[in-house]
Structures are given as C-alpha cells and as structure tokens.
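Visitor: Just so it is clear, I am handing over run_14.csv, which has CSV, C-alpha atoms.
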```
chain,number,residue,atom,x,y,z
A,14,MET,CA,17.4,-5.7,14.9
A,15,ARG,CA,17.9,-2.0,15.0
A,16,LYS,CA,14.7,0.1,14.9
A,17,LYS,CA,15.6,1.7,11.7
A,18,ASP,CA,16.3,-1.7,10.1
A,19,LEU,CA,13.0,-3.0,11.5
A,20,ALA,CA,11.1,0.0,10.1
A,21,LEU,CA,12.6,-0.4,6.7
A,22,LYS,CA,11.9,-4.2,6.7
A,23,PHE,CA,8.3,-3.5,7.8
A,24,TYR,CA,7.9,-1.0,4.9
A,25,GLU,CA,9.4,-3.4,2.5
A,26,ILE,CA,6.9,-6.2,3.4
A,27,LEU,CA,4.0,-3.7,3.3
A,28,SER,CA,5.2,-2.6,-0.2
A,29,VAL,CA,4.9,-6.1,-1.5
A,30,LEU,CA,1.5,-6.6,0.1
A,31,TYR,CA,0.1,-3.3,-0.9
A,32,PRO,CA,2.0,-1.9,-3.9
A,33,ASP,CA,-0.7,0.7,-4.5
A,34,ALA,CA,-2.0,2.3,-1.3
A,35,PRO,CA,-3.6,5.6,-2.1
A,36,CYS,CA,-5.3,8.1,0.2
A,37,THR,CA,-8.8,6.7,0.8
A,38,LEU,CA,-10.4,10.1,1.0
A,39,ASP,CA,-11.8,11.5,-2.3
A,40,TYR,CA,-10.6,15.1,-3.1
A,41,GLU,CA,-9.6,17.2,-6.0
A,42,THR,CA,-8.0,20.2,-4.3
A,43,PRO,CA,-5.8,20.8,-1.2
A,44,PHE,CA,-8.8,22.5,0.5
A,45,GLN,CA,-11.1,19.6,-0.2
A,46,LEU,CA,-8.6,17.2,1.4
A,47,LEU,CA,-8.4,19.6,4.4
A,48,ILE,CA,-12.2,19.5,4.8
A,49,ALA,CA,-12.6,15.8,4.2
A,50,THR,CA,-9.9,14.9,6.8
A,51,GLN,CA,-11.7,17.0,9.4
A,52,LEU,CA,-14.9,15.2,8.6
A,53,ALA,CA,-13.2,11.8,8.9
A,54,ALA,CA,-12.5,12.3,12.6
A,55,GLN,CA,-14.5,9.5,14.4
A,56,CYS,CA,-16.0,8.5,11.0
A,57,THR,CA,-15.1,6.1,8.2
A,58,ASP,CA,-13.5,7.4,5.0
A,59,LYS,CA,-16.2,5.5,3.1
A,60,ARG,CA,-19.0,7.5,4.8
A,61,VAL,CA,-17.1,10.8,4.4
A,62,ASN,CA,-16.7,10.1,0.6
A,63,ILE,CA,-20.4,9.6,0.3
A,64,VAL,CA,-21.1,12.9,2.1
A,65,THR,CA,-18.4,15.0,0.3
A,66,LYS,CA,-19.7,13.8,-3.1
A,67,ASP,CA,-22.6,16.2,-2.7
A,68,LEU,CA,-21.0,18.5,-0.2
A,69,PHE,CA,-18.3,19.7,-2.6
A,70,LYS,CA,-20.9,20.4,-5.3
A,71,LYS,CA,-22.9,22.5,-2.9
A,72,TYR,CA,-19.8,24.3,-1.5
A,73,PRO,CA,-17.3,24.3,-4.4
A,74,ASP,CA,-14.7,26.5,-2.8
A,75,VAL,CA,-13.4,28.1,0.4
A,76,CYS,CA,-15.6,31.1,0.1
A,77,SER,CA,-18.8,29.1,-0.1
A,78,PHE,CA,-17.8,27.2,3.1
A,79,ALA,CA,-16.8,30.5,4.8
A,80,ASN,CA,-20.2,31.9,4.0
A,81,ALA,CA,-22.2,28.8,4.9
A,82,GLU,CA,-25.1,28.9,7.3
A,83,LEU,CA,-24.0,27.0,10.4
A,84,SER,CA,-27.3,25.1,10.9
A,85,GLU,CA,-27.4,24.2,7.2
A,86,LEU,CA,-23.9,22.9,7.1
A,87,GLU,CA,-24.5,20.9,10.2
A,88,GLU,CA,-27.3,19.1,8.5
A,89,ASP,CA,-25.2,18.6,5.4
A,90,ILE,CA,-22.5,16.8,7.3
A,91,ARG,CA,-24.6,15.2,10.0
A,92,PRO,CA,-23.9,11.6,8.8
A,93,THR,CA,-20.2,12.1,9.7
A,94,GLY,CA,-21.0,12.6,13.4
A,95,PHE,CA,-19.9,15.3,15.8
A,96,TYR,CA,-21.4,17.6,13.2
A,97,HIS,CA,-21.9,20.7,15.5
A,98,ASN,CA,-18.2,21.0,16.2
A,99,LYS,CA,-17.1,20.0,12.7
A,100,ALA,CA,-19.4,22.6,11.0
A,101,LYS,CA,-18.3,25.3,13.4
A,102,ASN,CA,-14.6,24.5,12.8
A,103,ILE,CA,-15.0,24.2,9.0
A,104,ILE,CA,-16.5,27.7,8.8
A,105,ALA,CA,-13.9,29.2,11.1
A,106,CYS,CA,-11.1,27.4,9.2
A,107,SER,CA,-12.4,28.7,5.9
A,108,LYS,CA,-12.6,32.2,7.1
A,109,ARG,CA,-9.1,32.2,8.4
A,110,LEU,CA,-7.8,30.8,5.1
A,111,ILE,CA,-9.4,33.7,3.3
A,112,GLU,CA,-8.3,36.4,5.8
A,113,VAL,CA,-4.8,35.2,6.5
A,114,TYR,CA,-3.7,33.0,3.6
A,115,GLY,CA,-5.5,34.4,0.6
A,116,GLY,CA,-7.8,31.4,0.4
A,117,GLU,CA,-4.9,29.0,-0.1
A,118,VAL,CA,-4.0,26.1,2.1
A,119,PRO,CA,-0.6,26.8,3.7
A,120,ALA,CA,2.2,24.3,3.1
A,121,ASN,CA,3.8,24.2,6.5
A,122,MET,CA,2.9,22.6,9.8
A,123,ASN,CA,2.9,25.8,12.0
A,124,ASP,CA,0.4,27.6,9.8
A,125,LEU,CA,-1.8,24.6,9.3
A,126,LEU,CA,-2.1,24.2,13.1
A,127,THR,CA,-3.5,27.7,13.4
A,128,LEU,CA,-6.6,26.5,11.5
A,129,ASP,CA,-9.7,25.5,13.5
A,130,GLY,CA,-10.2,21.8,13.5
A,131,VAL,CA,-6.7,21.0,12.2
A,132,GLY,CA,-4.4,18.8,14.3
A,133,ARG,CA,-1.1,17.2,13.5
A,134,LYS,CA,-2.8,14.1,11.8
A,135,THR,CA,-4.7,16.3,9.4
A,136,ALA,CA,-1.7,18.6,8.8
A,137,ASN,CA,0.6,15.7,8.1
A,138,LEU,CA,-1.8,14.2,5.7
A,139,VAL,CA,-2.1,17.4,3.7
A,140,LEU,CA,1.6,18.1,3.8
A,141,GLY,CA,2.4,14.6,2.5
A,142,ASP,CA,-0.4,13.9,0.0
A,143,VAL,CA,-0.8,17.4,-1.4
A,144,PHE,CA,2.6,19.1,-1.1
A,145,GLY,CA,4.9,16.0,-1.1
A,146,LEU,CA,6.6,17.2,2.1
A,147,GLY,CA,6.2,14.1,4.1
A,148,GLY,CA,4.7,13.6,7.5
A,149,MET,CA,3.8,10.6,9.6
A,150,VAL,CA,0.0,10.4,9.9
A,151,ILE,CA,-0.6,8.7,13.2
A,152,ASP,CA,-4.2,7.5,13.1
A,153,THR,CA,-5.6,4.5,15.1
A,154,HIS,CA,-4.2,2.0,12.6
A,155,ALA,CA,-0.7,3.5,12.5
A,156,LYS,CA,-0.6,3.8,16.3
A,157,ARG,CA,-1.7,0.2,16.8
A,158,LEU,CA,0.6,-1.4,14.1
A,159,LEU,CA,3.7,0.6,15.1
A,160,TYR,CA,3.3,-0.4,18.7
A,161,ARG,CA,2.7,-4.1,17.9
A,162,VAL,CA,5.7,-4.3,15.6
A,163,GLY,CA,7.9,-2.7,18.2
A,164,LEU,CA,8.8,0.6,16.6
A,165,THR,CA,7.4,2.6,19.6
A,166,LYS,CA,6.4,2.0,23.2
A,167,GLU,CA,4.3,5.2,23.2
A,168,THR,CA,0.5,5.5,22.8
A,169,ASP,CA,0.2,9.2,22.5
A,170,PRO,CA,0.0,10.1,18.7
A,171,TYR,CA,2.5,12.9,18.9
A,172,LYS,CA,5.1,10.8,20.7
A,173,VAL,CA,4.5,7.9,18.3
A,174,GLU,CA,5.1,10.4,15.4
A,175,ARG,CA,8.3,11.6,17.0
A,176,ASP,CA,9.5,8.0,17.6
A,177,THR,CA,9.0,6.9,14.0
A,178,GLU,CA,9.4,9.9,11.7
A,179,LYS,CA,13.2,9.4,11.3
A,180,LEU,CA,13.0,5.7,10.8
A,181,ILE,CA,11.4,6.0,7.3
A,182,PRO,CA,12.7,8.4,4.6
A,183,ARG,CA,10.5,11.5,4.6
A,184,GLU,CA,9.6,11.1,1.0
A,185,ASN,CA,8.0,7.8,1.8
A,186,HIS,CA,6.1,8.9,4.9
A,187,SER,CA,2.7,9.2,3.1
A,188,ASP,CA,3.0,6.0,1.3
A,189,PHE,CA,4.1,4.1,4.4
A,190,CYS,CA,1.1,5.5,6.4
A,191,HIS,CA,-1.4,4.6,3.7
A,192,LYS,CA,0.0,1.1,3.7
A,193,LEU,CA,-0.4,0.9,7.5
A,194,VAL,CA,-4.0,1.8,7.1
A,195,MET,CA,-4.6,-0.9,4.5
A,196,HIS,CA,-2.8,-3.5,6.7
A,197,GLY,CA,-4.7,-2.4,9.8
A,198,ARG,CA,-8.0,-2.9,8.0
A,199,THR,CA,-7.3,-6.2,6.3
A,200,LEU,CA,-5.0,-8.2,8.7
A,201,CYS,CA,-3.7,-6.4,11.7
A,202,THR,CA,-7.1,-5.5,13.0
A,203,ALA,CA,-7.7,-4.1,16.5
A,204,ARG,CA,-9.5,-7.3,17.6
A,205,ASN,CA,-8.5,-10.8,16.4
A,206,PRO,CA,-5.6,-9.9,14.2
A,207,LYS,CA,-4.9,-12.5,11.5
A,208,CYS,CA,-1.3,-13.2,12.6
A,209,ASP,CA,-1.2,-16.7,11.0
A,210,ASN,CA,-1.8,-15.2,7.6
A,211,CYS,CA,0.4,-12.1,8.1
A,212,ALA,CA,3.8,-11.7,6.3
A,213,VAL,CA,4.8,-9.2,9.0
A,214,ALA,CA,4.5,-11.8,11.8
A,215,GLU,CA,8.2,-12.9,11.4
A,216,ILE,CA,9.4,-9.4,12.6
A,217,CYS,CA,6.4,-8.4,14.8
A,218,LYS,CA,7.4,-8.0,18.4
A,219,LYS,CA,3.8,-8.7,19.6
A,220,HIS,CA,3.6,-11.9,17.6
A,221,ILE,CA,7.0,-13.1,18.6
A,222,GLU,CA,6.3,-12.5,22.3
A,223,LYS,CA,3.1,-14.6,22.0
A,224,LYS,CA,5.0,-17.6,20.6
```
Step by step, read the file and then write its structure as structure tokens.

Guide:
Amino acid sequence: MRKKDLALKFYEILSVLYPDAPCTLDYETPFQLLIATQLAAQCTDKRVNIVTKDLFKKYPDVCSFANAELSELEEDIRPTGFYHNKAKNIIACSKRLIEVYGGEVPANMNDLLTLDGVGRKTANLVLGDVFGLGGMVIDTHAKRLLYRVGLTKETDPYKVERDTEKLIPRENHSDFCHKLVMHGRTLCTARNPKCDNCAVAEICKKHIEKK
C-alpha cells in the first residue's frame, strides 16, 4: 500500500473510532493556547488545565504575563514542572508579542518560532487549532503511532513532520493529530499496546511484522 493510501486509511479508521477529538488543552484565546501549550511540555494536559484555570484569571492578558514577577509566576506554574524555564520563557514571549506583534499571536510559523519557549510542535498546534492553517503536531503519541503504522522511519519530530505532512490534507492536520493523541492514550500506548482490540492493527506495520 502506498504511504499516502496508508495514511488516508489510518485517518479513516481513526475518524470512526474518535469522531470528536478536540484539543485537550482548555483555552479561550490564541494567546492562552500559546501559554497552555508551553506549560504542557513534560506535563499532562489534565494538570495544565487545572493550573491554567486560576492562572488565566490572575493573568488575563498578554500584558499581565509580560509584567509578571518571575518568582511569583514560577510558583503559580510550579505543578507543571520545569517551572523556572517555563516562567522565564512565558514572560519573554509575552514581552516580544507586545514589542514586535502588537500583543497579537502571529499566524505564521517563522514569526511564532521567534518567540521564547515556542517550538514547531507549539507553533503547529496554534496554527492549526486557532488559525485553521494546518500543521502536523508531532508529540510523543504522534511520533510513536506514525512510526508503528509505517508512515515514517524517523524518530526526530521535525523529520517525522516532514515525512507525513503531505500524506494528509492540510485542512485535516489538526483533527488527525488530535485523533492520534486519543488513540495513543487509549489503545496504542507506549507500553503494552492493545493490538488485539485495535481496528488499526490490520494496516499497522508493527503489528503485521509481529504476526
């Protein structure tokens, strides 16, 4: 099966399994998603949502984050881990948004990557979910599933993104990636994947090789 056909079949199966697969981070504005995604590095979305519930009340906009006291913000986000670097990046990111972009989150990859704490994963999530521009969000789940199914041989997130971004229509990138996360959490787990109960098994290279 050609990789493009395999990718589309994979997406078709996931769409049946998870017809509604939204972003699992809570946010109301593009800026809030940008911050929440930074906090989600090495942390669960569930924990981030608990933290941001109060955080976004205390710091309601980009200016309040830009003017935050570093030590105070560190304590506010401590439960998400790596809070020293995250707080430092969030303040610097907020200041640059004000100074360079008029306080607005830019809608293109190059500009987003100039912001402290923002990598391709965060940028693609914002571009896809907020601006509808598409972008393959290669997190640990996506990387694992795309490798197992046989859509990439790469393990570096950027190379995985490049391998797979043309296999799925750009307008479906965000939806596809959210479905990958759900499947990775429920069935195709890192350890002891539930292959016997998985509808993807029939096209999964890893599973077929084991038979």

Visitor: Select, from A:Val64, A:Ser77, A:Lys219, A:Cys36, the residue with the minimum atom-to-atom distance to Lys166 in chain A, counting only C-alpha atoms.

Guide: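 Using only C-alpha atoms, Lys166 in chain A sits closest to A:Lys219.
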
Visitor: Would you kindly identify which residues have an atom no farther than 7 Å from (-17.9, 21.6, 6.7), using all atoms listed in the file and the file's own coordinates, and write them out as a PDB file with C-alpha atoms, in the coordinates of the input?

Guide:
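Output file result.pdb is given in full below:
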```pdb
ATOM      1  CA  ILE A  48     -12.200  19.500   4.800  1.00  0.00           C
ATOM      2  CA  PHE A  78     -17.800  27.200   3.100  1.00  0.00           C
ATOM      3  CA  LEU A  86     -23.900  22.900   7.100  1.00  0.00           C
ATOM      4  CA  ILE A  90     -22.500  16.800   7.300  1.00  0.00           C
ATOM      5  CA  LYS A  99     -17.100  20.000  12.700  1.00  0.00           C
ATOM      6  CA  ALA A 100     -19.400  22.600  11.000  1.00  0.00           C
ATOM      7  CA  ILE A 103     -15.000  24.200   9.000  1.00  0.00           C
ATOM      8  CA  ILE A 104     -16.500  27.700   8.800  1.00  0.00           C
TER       9      ILE A 104
END
```

Visitor: Might you pull out every residue within 8 Å of Tyr171 in chain A, with all atoms listed in the file counted and same-chain residues fewer than 3 positions away left off, and present them as a list in words?

Guide: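 Within the cut-off, the hits are Arg133, Ile151, Glu174 and Arg175 of chain A.
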
Visitor: Measuring between only C-alpha atoms, which one of A:Glu117, A:Asp124, A:Glu167, A:Glu178 shows the shortest distance to Val150 in chain A?

Guide: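 Of the candidates, the smallest distance to Val150 in chain A is held by A:Glu178.
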
Visitor: Using only C-alpha atoms, which of A:Glu85, A:Glu41, A:Glu184, A:Asp67 sits nearest Gly141 in chain A?

Guide: A:Glu184

Visitor: What is the distance between CA of Val131 in chain A and CA of Lys192 in chain A, in Å to one decimal?

Guide: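 One can read the CA of Val131 in chain A to CA of Lys192 in chain A distance as 22.7 Å.
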
Visitor: Pick out the residues sitting within 9 Å of Asn137 in chain A, and hand them over as a list of chain:residue names; count all atoms listed in the file, and ignore anything fewer than 2 positions along from it in its own chain.

Guide: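 Once the nearby chain positions are removed, what remains is A:Met122, A:Gly132, A:Arg133, A:Lys134, A:Thr135, A:Val139, A:Leu140, A:Gly141, A:Asp142, A:Leu146, A:Gly147, A:Gly148, A:Met149, A:Val150, A:Ile151, A:Ser187.
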
Visitor: Take the selection from the previous step and output its residues with C-alpha atoms, as a compact mmCIF listing (two decimals), keeping the file's coordinate frame.

Guide:
```txt
# COMPACT_ATOMS: atom_id res chain seq x y z
CA MET A 122 2.90 22.60 9.80
CA GLY A 132 -4.40 18.80 14.30
CA ARG A 133 -1.10 17.20 13.50
CA LYS A 134 -2.80 14.10 11.80
CA THR A 135 -4.70 16.30 9.40
CA VAL A 139 -2.10 17.40 3.70
CA LEU A 140 1.60 18.10 3.80
CA GLY A 141 2.40 14.60 2.50
CA ASP A 142 -0.40 13.90 0.00
CA LEU A 146 6.60 17.20 2.10
CA GLY A 147 6.20 14.10 4.10
CA GLY A 148 4.70 13.60 7.50
CA MET A 149 3.80 10.60 9.60
CA VAL A 150 0.00 10.40 9.90
CA ILE A 151 -0.60 8.70 13.20
CA SER A 187 2.70 9.20 3.10
```

Visitor: What would the list of residues within 8 Å of (-14.4, 22.7, 17.8) (file frame) look like as a ChimeraX atom specification, if only C-alpha atoms are what count?

Guide: /A:98-99,101-102,129-130

Visitor: Might you pull out every residue within 7 Å of Arg161 in chain A, with all atoms listed in the file counted and same-chain residues fewer than 4 positions away left off, and present them as a list in words?

Guide: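 Those residues are Arg157, Cys217, Lys218 and Lys219 of chain A.
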
Visitor: Write out as a PyMOL selection string the residues lying within 7 Å of Ala155 in chain A, counting all atoms listed in the file and excluding same-chain residues fewer than 3 positions away.

Guide: chain A and resi 151-152+158-159+190+193-194

Visitor: Nearest residue to Asp33 in chain A out of A:Lys70, A:Lys17, A:Arg60, A:His191, using all atoms listed in the file?

Guide: A:His191

Visitor: Under the rule that only C-alpha atoms are counted, which of A:Thr37, A:Asn210, A:Thr177, A:Thr50 is the nearest residue to Val162 in chain A?

Guide: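 Among A:Thr37, A:Asn210, A:Thr177, A:Thr50, it is A:Thr177 that comes nearest to Val162 in chain A.
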
Visitor: For each of A:Tyr40, A:Tyr114, A:Tyr96, A:Tyr31, take the minimum atom-to-atom distance to Gly197 in chain A, counting all atoms listed in the file, then give the residue where this is smallest.

Guide: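 Looking at the shortest contact to Gly197 in chain A, the residue is A:Tyr31.
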
Visitor: Just to confirm, what's the straight-line distance from CA of Ala53 in chain A to CA of Leu138 in chain A in Å (one decimal)?

Guide: 12.1 Å

Visitor: Suppose you want the space between CA of Asn205 in chain A and CA of Asn185 in chain A; what is it in Å?

Guide: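 Separation of CA of Asn205 in chain A and CA of Asn185 in chain A: 28.8 Å.
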